[in-house]
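Asker: The following file, query_5.pdb, comprises PDB, C-alpha atoms:
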MODEL        1
ATOM      1  CA  MET A   1     101.922 112.887 103.781
ATOM      2  CA  MET A   2     103.468 109.866 102.105
ATOM      3  CA  GLN A   3     107.015 109.299 100.957
ATOM      4  CA  PHE A   4     107.540 107.145  97.859
ATOM      5  CA  PRO A   5     110.964 105.554  98.039
ATOM      6  CA  ALA A   6     112.900 103.551  95.528
ATOM      7  CA  THR A   7     113.918 100.200  96.941
ATOM      8  CA  LYS A   8     117.459  98.981  96.432
ATOM      9  CA  GLN A   9     119.012  95.648  97.391
ATOM     10  CA  SER A  10     122.663  94.742  97.800
ATOM     11  CA  LYS A  11     123.898  92.307  95.182
ATOM     12  CA  ASN A  12     126.403  90.751  97.561
ATOM     13  CA  PRO A  13     124.965  90.472 101.092
ATOM     14  CA  PRO A  14     127.528  89.560 103.773
ATOM     15  CA  PRO A  15     127.622  85.908 104.895
ATOM     16  CA  ASN A  16     126.227  86.635 108.365
ATOM     17  CA  THR A  17     122.910  87.677 106.848
ATOM     18  CA  LYS A  18     122.052  84.133 105.689
ATOM     19  CA  LYS A  19     120.135  83.257 108.858
ATOM     20  CA  LYS A  20     118.176  86.507 108.637
ATOM     21  CA  ARG A  21     117.397  85.804 105.002
ATOM     22  CA  ARG A  22     116.073  82.329 105.842
ATOM     23  CA  THR A  23     113.856  83.810 108.558
ATOM     24  CA  LYS A  24     112.613  86.464 106.118
ATOM     25  CA  GLN A  25     111.858  83.817 103.511
ATOM     26  CA  LEU A  26     109.769  81.881 106.028
ATOM     27  CA  LYS A  27     107.797  85.006 106.868
ATOM     28  CA  MET A  28     107.314  85.804 103.200
ATOM     29  CA  SER A  29     105.655  82.431 102.606
ATOM     30  CA  SER A  30     102.786  83.161 105.006
ATOM     31  CA  GLY A  31     100.337  83.870 102.173
ATOM     32  CA  VAL A  32     100.835  80.689 100.152
ATOM     33  CA  GLY A  33      97.473  79.195  99.209
ATOM     34  CA  LYS A  34      95.510  82.266 100.342
ATOM     35  CA  THR A  35      93.630  84.765  98.178
ATOM     36  CA  VAL A  36      93.138  88.426  99.050
ATOM     37  CA  CYS A  37      91.636  91.437  97.304
ATOM     38  CA  VAL A  38      93.118  94.907  96.844
ATOM     39  CA  THR A  39      90.775  97.600  95.554
ATOM     40  CA  GLY A  40      92.155 100.550  93.618
ATOM     41  CA  ALA A  41      95.286  98.502  92.970
ATOM     42  CA  SER A  42      96.812 100.949  90.493
ATOM     43  CA  GLY A  43      96.995 103.633  93.183
ATOM     44  CA  PHE A  44     100.081 104.645  95.130
ATOM     45  CA  ILE A  45      99.479 102.885  98.447
ATOM     46  CA  ALA A  46      97.794  99.909  96.806
ATOM     47  CA  SER A  47     100.673  99.323  94.395
ATOM     48  CA  TRP A  48     103.094  99.195  97.289
ATOM     49  CA  LEU A  49     100.698  96.831  99.050
ATOM     50  CA  VAL A  50     100.311  94.432  96.117
ATOM     51  CA  LYS A  51     104.090  94.031  95.864
ATOM     52  CA  PRO A  52     104.722  92.502  99.341
ATOM     53  CA  LEU A  53     101.494  90.495  99.187
ATOM     54  CA  LEU A  54     102.769  88.751  96.072
ATOM     55  CA  LEU A  55     106.187  88.272  97.668
ATOM     56  CA  ARG A  56     104.526  86.628 100.665
ATOM     57  CA  GLY A  57     102.879  84.106  98.364
ATOM     58  CA  TYR A  58      99.325  85.461  98.295
ATOM     59  CA  THR A  59      97.140  85.294  95.225
ATOM     60  CA  VAL A  60      95.921  88.867  94.724
ATOM     61  CA  LYS A  61      92.646  89.819  93.055
ATOM     62  CA  ALA A  62      93.083  93.490  92.213
ATOM     63  CA  SER A  63      90.535  96.000  90.987
ATOM     64  CA  VAL A  64      91.356  98.897  88.662
ATOM     65  CA  ARG A  65      89.123 101.450  86.959
ATOM     66  CA  ASP A  66      90.267 100.602  83.429
ATOM     67  CA  ILE A  67      91.790  97.193  82.849
ATOM     68  CA  ASN A  68      92.732  98.176  79.280
ATOM     69  CA  ASP A  69      94.809 101.191  80.305
ATOM     70  CA  PRO A  70      98.478 100.122  80.532
ATOM     71  CA  ARG A  71      99.213 103.161  82.691
ATOM     72  CA  LYS A  72      96.986 101.586  85.351
ATOM     73  CA  THR A  73      98.210  98.015  85.002
ATOM     74  CA  GLN A  74     101.740  97.811  83.560
ATOM     75  CA  HIS A  75     103.552  98.465  86.852
ATOM     76  CA  LEU A  76     101.418  95.824  88.571
ATOM     77  CA  LEU A  77     101.929  93.175  85.913
ATOM     78  CA  ALA A  78     105.693  93.712  86.145
ATOM     79  CA  LEU A  79     105.816  92.754  89.845
ATOM     80  CA  GLU A  80     107.465  89.524  90.954
ATOM     81  CA  GLY A  81     104.811  86.816  91.226
ATOM     82  CA  ALA A  82     102.270  88.758  89.155
ATOM     83  CA  GLU A  83     102.369  86.382  86.205
ATOM     84  CA  ASN A  84     100.853  83.514  88.187
ATOM     85  CA  ARG A  85      99.177  85.113  91.197
ATOM     86  CA  LEU A  86      97.856  88.544  90.195
ATOM     87  CA  LYS A  87      94.347  88.671  88.756
ATOM     88  CA  LEU A  88      93.054  92.032  87.513
ATOM     89  CA  PHE A  89      89.391  93.064  87.521
ATOM     90  CA  GLN A  90      87.644  96.209  86.332
ATOM     91  CA  ALA A  91      85.311  97.676  88.934
ATOM     92  CA  ASN A  92      83.380 100.894  89.544
ATOM     93  CA  LEU A  93      83.111 102.242  93.092
ATOM     94  CA  LEU A  94      79.678 103.731  92.441
ATOM     95  CA  LYS A  95      78.174 100.649  90.778
ATOM     96  CA  GLU A  96      76.414  98.320  93.176
ATOM     97  CA  GLY A  97      77.634  94.736  92.874
ATOM     98  CA  SER A  98      80.671  95.763  90.836
ATOM     99  CA  PHE A  99      83.014  94.249  93.416
ATOM    100  CA  ASP A 100      81.160  90.949  93.841
ATOM    101  CA  PRO A 101      83.470  88.973  91.523
ATOM    102  CA  VAL A 102      86.554  90.720  92.883
ATOM    103  CA  VAL A 103      86.044  89.740  96.533
ATOM    104  CA  GLU A 104      84.635  86.288  95.793
ATOM    105  CA  GLY A 105      86.815  83.623  97.398
ATOM    106  CA  CYS A 106      89.025  86.136  99.227
ATOM    107  CA  GLU A 107      89.994  85.841 102.891
ATOM    108  CA  ALA A 108      90.851  89.517 103.208
ATOM    109  CA  VAL A 109      89.878  92.686 101.382
ATOM    110  CA  PHE A 110      92.206  95.688 101.458
ATOM    111  CA  HIS A 111      90.011  98.621 100.462
ATOM    112  CA  THR A 112      92.269 101.437  99.275
ATOM    113  CA  ALA A 113      90.167 102.669  96.337
ATOM    114  CA  SER A 114      89.119 106.246  97.033
ATOM    115  CA  PRO A 115      90.110 109.485  95.296
ATOM    116  CA  PHE A 116      92.301 111.877  97.292
ATOM    117  CA  TYR A 117      93.582 115.127  95.836
ATOM    118  CA  PHE A 118      93.414 118.842  96.583
ATOM    119  CA  ASP A 119      92.388 120.394  93.259
ATOM    120  CA  VAL A 120      88.681 119.662  93.632
ATOM    121  CA  VAL A 121      85.837 121.446  91.841
ATOM    122  CA  ASP A 122      82.898 119.434  93.196
ATOM    123  CA  PRO A 123      83.876 117.779  96.512
ATOM    124  CA  GLN A 124      80.587 115.890  96.846
ATOM    125  CA  THR A 125      80.855 114.232  93.443
ATOM    126  CA  GLU A 126      84.622 113.913  93.192
ATOM    127  CA  LEU A 127      85.530 112.889  96.746
ATOM    128  CA  ILE A 128      82.654 112.207  99.125
ATOM    129  CA  ASP A 129      80.426 110.013  96.957
ATOM    130  CA  PRO A 130      83.227 107.678  95.814
ATOM    131  CA  ALA A 131      84.584 107.483  99.355
ATOM    132  CA  VAL A 132      81.304 106.813 101.169
ATOM    133  CA  LYS A 133      79.186 105.067  98.549
ATOM    134  CA  GLY A 134      82.212 103.226  97.195
ATOM    135  CA  THR A 135      83.110 101.861 100.623
ATOM    136  CA  LEU A 136      79.529 100.789 101.241
ATOM    137  CA  ASN A 137      79.412  99.002  97.893
ATOM    138  CA  VAL A 138      82.634  97.141  98.679
ATOM    139  CA  LEU A 139      81.327  96.181 102.130
ATOM    140  CA  GLU A 140      78.055  94.959 100.617
ATOM    141  CA  SER A 141      80.054  92.704  98.309
ATOM    142  CA  CYS A 142      82.103  91.461 101.274
ATOM    143  CA  ALA A 143      78.950  90.709 103.253
ATOM    144  CA  LYS A 144      77.753  88.447 100.429
ATOM    145  CA  ASN A 145      80.935  86.360 100.549
ATOM    146  CA  PRO A 146      81.422  84.190 103.664
ATOM    147  CA  SER A 147      85.059  83.605 102.700
ATOM    148  CA  VAL A 148      85.921  87.203 103.712
ATOM    149  CA  LYS A 149      87.331  87.126 107.235
ATOM    150  CA  ARG A 150      88.602  90.687 107.478
ATOM    151  CA  VAL A 151      88.436  94.026 105.687
ATOM    152  CA  VAL A 152      91.281  96.513 106.101
ATOM    153  CA  LEU A 153      90.154 100.025 105.192
ATOM    154  CA  THR A 154      92.585 102.749 104.148
ATOM    155  CA  SER A 155      91.487 106.187 105.303
ATOM    156  CA  SER A 156      93.038 109.622 105.660
ATOM    157  CA  ILE A 157      94.537 110.960 108.863
ATOM    158  CA  ALA A 158      92.240 113.934 108.234
ATOM    159  CA  ALA A 159      89.377 111.717 109.394
ATOM    160  CA  VAL A 160      90.900 112.008 112.858
ATOM    161  CA  ALA A 161      92.954 115.206 112.882
ATOM    162  CA  TYR A 162      90.140 117.492 111.716
ATOM    163  CA  ASN A 163      87.154 115.752 113.245
ATOM    164  CA  THR A 164      86.255 116.163 116.892
ATOM    165  CA  LYS A 165      84.260 112.920 116.779
ATOM    166  CA  PRO A 166      86.177 110.403 114.652
ATOM    167  CA  ARG A 167      84.064 107.413 113.722
ATOM    168  CA  THR A 168      84.810 103.932 112.504
ATOM    169  CA  PRO A 169      82.461 102.927 109.645
ATOM    170  CA  ASP A 170      79.555 100.539 110.192
ATOM    171  CA  GLU A 171      81.297  97.189 109.994
ATOM    172  CA  LYS A 172      78.356  95.097 108.762
ATOM    173  CA  GLY A 173      79.489  92.232 110.975
ATOM    174  CA  ILE A 174      82.931  92.075 109.311
ATOM    175  CA  ASP A 175      86.169  92.321 111.301
ATOM    176  CA  MET A 176      87.560  95.623 110.005
ATOM    177  CA  PRO A 177      90.687  97.379 111.286
ATOM    178  CA  THR A 178      91.009 100.925 109.899
ATOM    179  CA  LEU A 179      94.291 102.453 108.769
ATOM    180  CA  ASN A 180      94.627 106.231 108.526
ATOM    181  CA  THR A 181      97.129 107.653 106.093
ATOM    182  CA  SER A 182      97.524 110.718 103.913
ATOM    183  CA  ALA A 183      99.479 111.067 100.725
ATOM    184  CA  ALA A 184     101.057 114.023  98.969
ATOM    185  CA  VAL A 185     104.031 114.784  96.791
ATOM    186  CA  ILE A 186     106.760 117.221  97.753
ATOM    187  CA  LEU A 187     108.097 117.435  94.220
ATOM    188  CA  ASN A 188     107.235 121.126  93.838
ATOM    189  CA  ILE A 189     109.358 122.034  96.825
ATOM    190  CA  ILE A 190     112.227 119.816  95.724
ATOM    191  CA  LYS A 191     112.161 121.304  92.220
ATOM    192  CA  GLY A 192     111.983 124.830  93.558
ATOM    193  CA  ALA A 193     108.703 125.480  91.764
ATOM    194  CA  THR A 194     107.918 128.146  94.354
ATOM    195  CA  SER A 195     110.138 130.575  96.224
ATOM    196  CA  THR A 196     108.354 129.886  99.518
ATOM    197  CA  PHE A 197     107.185 126.865 101.488
ATOM    198  CA  PRO A 198     103.660 126.509 102.942
ATOM    199  CA  ASN A 199     102.958 127.443 106.534
ATOM    200  CA  ALA A 200     101.603 124.010 107.336
ATOM    201  CA  SER A 201     102.360 120.956 109.431
ATOM    202  CA  PHE A 202     101.572 117.385 108.398
ATOM    203  CA  GLY A 203     102.028 113.837 109.584
ATOM    204  CA  TRP A 204     104.614 111.971 107.501
ATOM    205  CA  VAL A 205     105.084 108.231 107.025
ATOM    206  CA  ASN A 206     106.992 105.946 104.668
ATOM    207  CA  VAL A 207     104.736 104.061 102.254
ATOM    208  CA  LYS A 208     106.595 100.810 102.969
ATOM    209  CA  ASP A 209     105.504 101.071 106.603
ATOM    210  CA  VAL A 210     101.941 101.702 105.451
ATOM    211  CA  ALA A 211     101.960  98.600 103.246
ATOM    212  CA  LYS A 212     103.402  96.483 106.057
ATOM    213  CA  ALA A 213     100.781  97.757 108.493
ATOM    214  CA  HIS A 214      97.982  96.769 106.122
ATOM    215  CA  ILE A 215      99.272  93.208 105.880
ATOM    216  CA  GLN A 216      99.874  92.942 109.623
ATOM    217  CA  ALA A 217      96.357  94.228 110.295
ATOM    218  CA  PHE A 218      95.093  91.190 108.417
ATOM    219  CA  GLU A 219      97.590  88.584 109.582
ATOM    220  CA  ILE A 220      97.545  89.445 113.310
ATOM    221  CA  PRO A 221      94.269  88.048 114.746
ATOM    222  CA  SER A 222      94.130  90.560 117.609
ATOM    223  CA  ALA A 223      94.316  93.600 115.297
ATOM    224  CA  SER A 224      91.193  95.752 115.539
ATOM    225  CA  GLY A 225      89.989  99.338 115.450
ATOM    226  CA  ARG A 226      91.787 102.376 114.085
ATOM    227  CA  TYR A 227      95.535 102.621 113.475
ATOM    228  CA  CYS A 228      97.100 106.044 112.839
ATOM    229  CA  LEU A 229     100.267 105.649 110.801
ATOM    230  CA  VAL A 230     102.491 108.678 111.406
ATOM    231  CA  GLU A 231     106.257 108.530 111.919
ATOM    232  CA  ARG A 232     106.274 112.145 112.987
ATOM    233  CA  VAL A 233     104.479 115.444 112.487
ATOM    234  CA  ALA A 234     106.670 118.098 110.928
ATOM    235  CA  HIS A 235     106.267 121.636 109.632
ATOM    236  CA  TYR A 236     107.286 122.308 106.045
ATOM    237  CA  SER A 237     110.201 124.379 107.332
ATOM    238  CA  GLU A 238     111.636 121.235 108.931
ATOM    239  CA  ILE A 239     111.166 119.286 105.700
ATOM    240  CA  VAL A 240     113.041 121.966 103.774
ATOM    241  CA  ASN A 241     115.847 121.990 106.357
ATOM    242  CA  ILE A 242     116.247 118.198 106.191
ATOM    243  CA  LEU A 243     116.336 118.309 102.389
ATOM    244  CA  ARG A 244     118.859 121.131 102.450
ATOM    245  CA  HIS A 245     121.097 119.104 104.772
ATOM    246  CA  LEU A 246     120.804 115.984 102.609
ATOM    247  CA  TYR A 247     121.134 117.807  99.271
ATOM    248  CA  PRO A 248     122.930 121.158  99.673
ATOM    249  CA  SER A 249     122.897 121.767  95.912
ATOM    250  CA  LEU A 250     119.093 121.721  95.621
ATOM    251  CA  GLN A 251     117.458 125.090  95.065
ATOM    252  CA  LEU A 252     114.932 125.039  97.899
ATOM    253  CA  PRO A 253     112.560 127.734  99.199
ATOM    254  CA  GLN A 254     114.214 130.095 101.650
ATOM    255  CA  LYS A 255     111.192 131.463 103.479
ATOM    256  CA  CYS A 256     107.627 130.744 104.515
ATOM    257  CA  ALA A 257     104.677 131.756 102.347
ATOM    258  CA  ASP A 258     103.415 134.169 105.014
ATOM    259  CA  ASP A 259     104.710 136.106 108.012
ATOM    260  CA  LYS A 260     102.423 134.435 110.514
ATOM    261  CA  PRO A 261     103.765 132.202 113.290
ATOM    262  CA  PHE A 262     104.451 128.676 112.077
ATOM    263  CA  GLU A 263     101.476 126.383 112.304
ATOM    264  CA  PRO A 264     102.065 124.240 115.382
ATOM    265  CA  THR A 265     102.833 120.549 115.172
ATOM    266  CA  TYR A 266     100.896 117.941 117.130
ATOM    267  CA  GLN A 267     101.542 114.496 118.513
ATOM    268  CA  VAL A 268     100.154 111.233 117.127
ATOM    269  CA  SER A 269     100.587 108.182 119.336
ATOM    270  CA  LYS A 270     102.618 105.359 117.809
ATOM    271  CA  GLU A 271     101.798 102.777 120.451
ATOM    272  CA  LYS A 272      98.915 101.091 118.651
ATOM    273  CA  ALA A 273     100.787 101.002 115.342
ATOM    274  CA  LYS A 274     103.727  99.396 117.122
ATOM    275  CA  SER A 275     101.402  96.574 118.203
ATOM    276  CA  LEU A 276     101.389  95.623 114.512
ATOM    277  CA  GLY A 277     105.162  95.272 114.639
ATOM    278  CA  ILE A 278     105.783  98.569 112.867
ATOM    279  CA  GLU A 279     109.121 100.244 113.553
ATOM    280  CA  PHE A 280     108.739 103.441 111.600
ATOM    281  CA  ILE A 281     111.367 104.415 109.045
ATOM    282  CA  PRO A 282     112.780 107.823 110.129
ATOM    283  CA  LEU A 283     111.615 110.904 108.247
ATOM    284  CA  ASP A 284     115.081 111.856 106.985
ATOM    285  CA  VAL A 285     115.518 108.380 105.506
ATOM    286  CA  SER A 286     112.108 108.610 103.830
ATOM    287  CA  LEU A 287     112.925 112.008 102.367
ATOM    288  CA  LYS A 288     116.228 110.742 100.992
ATOM    289  CA  GLU A 289     114.466 107.736  99.436
ATOM    290  CA  THR A 290     111.901 110.099  97.949
ATOM    291  CA  VAL A 291     114.499 112.268  96.258
ATOM    292  CA  GLU A 292     116.406 109.244  94.949
ATOM    293  CA  SER A 293     113.159 107.779  93.613
ATOM    294  CA  LEU A 294     112.289 111.050  91.869
ATOM    295  CA  LYS A 295     115.741 111.073  90.281
ATOM    296  CA  GLU A 296     115.424 107.451  89.185
ATOM    297  CA  LYS A 297     112.042 108.101  87.584
ATOM    298  CA  GLY A 298     113.237 111.199  85.754
ATOM    299  CA  PHE A 299     111.364 113.845  87.722
ATOM    300  CA  LEU A 300     114.587 115.502  88.875
TER     301      LEU A 300
ENDMDL
END
Show me the file's structure as structure tokens.

Answerer:
Amino acid sequence: MMQFPATKQSKNPPPNTKKKRRTKQLKMSSGVGKTVCVTGASGFIASWLVKPLLLRGYTVKASVRDINDPRKTQHLLALEGAENRLKLFQANLLKEGSFDPVVEGCEAVFHTASPFYFDVVDPQTELIDPAVKGTLNVLESCAKNPSVKRVVLTSSIAAVAYNTKPRTPDEKGIDMPTLNTSAAVILNIIKGATSTFPNASFGWVNVKDVAKAHIQAFEIPSASGRYCLVERVAHYSEIVNILRHLYPSLQLPQKCADDKPFEPTYQVSKEKAKSLGIEFIPLDVSLKETVESLKEKGFL
């Protein structure tokens, strides 16, 4: 599950933060003169990834499905640095060679483009083909371009949690760390759309941590293999309880959807993710940011 926070900055930072700000500015200049690619840039994770890449000084070549659809591009074009260093391309996951011009001249490719939703009629056509064939097409384009030093692939935690033999994709000779994340919206629970909460447990992580991990997986030379990004695994009952504590006035579900024992939680090791310098934002903070973001955007 993914939280989508609204970011807020203090207008008047205290004087003792000046040194920290200078250090942050130095770090944020690490991408100056470098070009990277983000596929599926209009998506949730990708949008949050494009933002810090631009802030770090990178030139970003970003693919979208429809370059003429302002709903897919407007939020990207409004980002700081986009005017000079964001280049949009239209690309089709299922069309061979479609990503050739997008990855050309890039040092890194962040492949986030893959559909992920639950209301599926034809899983093979709607999910599997774009995920598998789309990834292969992107990797074929990367293999044609010697400038590409590393590919960072965004996957779902389901690739590990529900598979007894998790596999890293054929890397085609390209250095390719793999990040596992899942995304979902808890708006229905927050709005009280149902009188019950699901009997389910999920891994939760703040999208800002996910974006940072992607960038670190490229910038840290020793990064390799699979990284599971989970701050903690929590049952929906715990999510409801945290929300109720944070926002007592919200009309939240009072009981579980069934009378069965709660689905058990499980542990996901954070050690490898921490090697990327990730200090996970706590779940209660992420949930609060989520609610505030939903309010800001008019959903609540």

Asker: Running the PyMOL selection byres ((chain A and resi 255-264) around 8) on this model by hand, what would come out? Give it as an NGL selection string.

Answerer: :A and (195-201 or 235 or 237 or 253-254 or 265-266)

Asker: Grab the atom CA of Ala82 of chain A to atom CA of Thr135 of chain A distance for me, in Å with one decimal place.

Answerer: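 These atoms are spaced 25.9 Å apart.
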
Asker: Which residues of segment 79-152 of chain A have any atom within 8 Å of an atom in segment 58-73 of chain A when counting all atoms listed in the file, and what is the closest pair of atoms for each, with the distance in Å to one decimal? Order the rows by chain and rising number and write it as a tab-separated table.

Answerer:
residue	atom	partner	partner_atom	distance
A:Arg85	CA	A:Thr59	CA	4.5
A:Leu86	CA	A:Val60	CA	4.9
A:Lys87	CA	A:Lys61	CA	4.8
A:Leu88	CA	A:Ala62	CA	4.9
A:Phe89	CA	A:Ser63	CA	4.7
A:Gln90	CA	A:Val64	CA	5.1
A:Ala91	CA	A:Arg65	CA	5.7
A:Asn92	CA	A:Arg65	CA	6.3
A:Val102	CA	A:Lys61	CA	6.2
A:Val103	CA	A:Lys61	CA	7.5

Asker: Edge lengths and centre in Å to one decimal, as JSON, is what I'm after for the box along x, y and z that holds all listed atoms of segment 61-69 of chain A once 8 Å is added on each side.

Answerer:
{"center_x": 92.0, "center_y": 95.6, "center_z": 86.2, "size_x": 21.7, "size_y": 27.6, "size_z": 29.8}

Asker: For a quick check of understanding, using all atoms listed in the file, which of A:Glu296, A:Leu252, A:Val151, A:Val268 has the smallest distance to Ser224 of chain A?

Answerer: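 Closest candidate: A:Val151.
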
Asker: How many Å separate atom CA of Leu246 of chain A from atom CA of Val210 of chain A?

Answerer: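 Going from atom CA of Leu246 of chain A over to atom CA of Val210 of chain A covers 23.8 Å.
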
Asker: Between atom CA of Asn206 of chain A and atom CA of Lys133 of chain A, measure the distance and give it in Å to one decimal.

Answerer: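 Atom CA of Asn206 of chain A sits 28.5 Å away from atom CA of Lys133 of chain A.
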
Asker: Using the chain letters and numbers from the file, which residues does the PyMOL selection byres ((chain A and resi 280) around 10) grab, as a list in words?

Answerer: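 Here the PyMOL selection byres ((chain A and resi 280) around 10) matches Val205, Asn206, Lys208, Asp209, Val210, Leu229, Val230, Glu231, Arg232, Lys270, Ala273, Lys274, Gly277, Ile278, Glu279, Ile281, Pro282, Leu283 and Ser286 of chain A.
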
Asker: Step by step, work through what the PyMOL selection byres ((chain A and resi 42-47) around 7) selects in the shown file, and finish by giving those residues as a PyMOL selection string.

Answerer: chain A and resi 38+40-41+48-51+64+72-73+76+112+207+211

Asker: Go ahead and dump the residues you just picked, C-alpha atoms, as a PDB file, keeping the file's coordinate frame.

Answerer:
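Listed below is the output, selection20.pdb:
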ATOM      1  CA  VAL A  38      93.118  94.907  96.844  1.00  0.00           C
ATOM      2  CA  GLY A  40      92.155 100.550  93.618  1.00  0.00           C
ATOM      3  CA  ALA A  41      95.286  98.502  92.970  1.00  0.00           C
ATOM      4  CA  TRP A  48     103.094  99.195  97.289  1.00  0.00           C
ATOM      5  CA  LEU A  49     100.698  96.831  99.050  1.00  0.00           C
ATOM      6  CA  VAL A  50     100.311  94.432  96.117  1.00  0.00           C
ATOM      7  CA  LYS A  51     104.090  94.031  95.864  1.00  0.00           C
ATOM      8  CA  VAL A  64      91.356  98.897  88.662  1.00  0.00           C
ATOM      9  CA  LYS A  72      96.986 101.586  85.351  1.00  0.00           C
ATOM     10  CA  THR A  73      98.210  98.015  85.002  1.00  0.00           C
ATOM     11  CA  LEU A  76     101.418  95.824  88.571  1.00  0.00           C
ATOM     12  CA  THR A 112      92.269 101.437  99.275  1.00  0.00           C
ATOM     13  CA  VAL A 207     104.736 104.061 102.254  1.00  0.00           C
ATOM     14  CA  ALA A 211     101.960  98.600 103.246  1.00  0.00           C
TER      15      ALA A 211
END
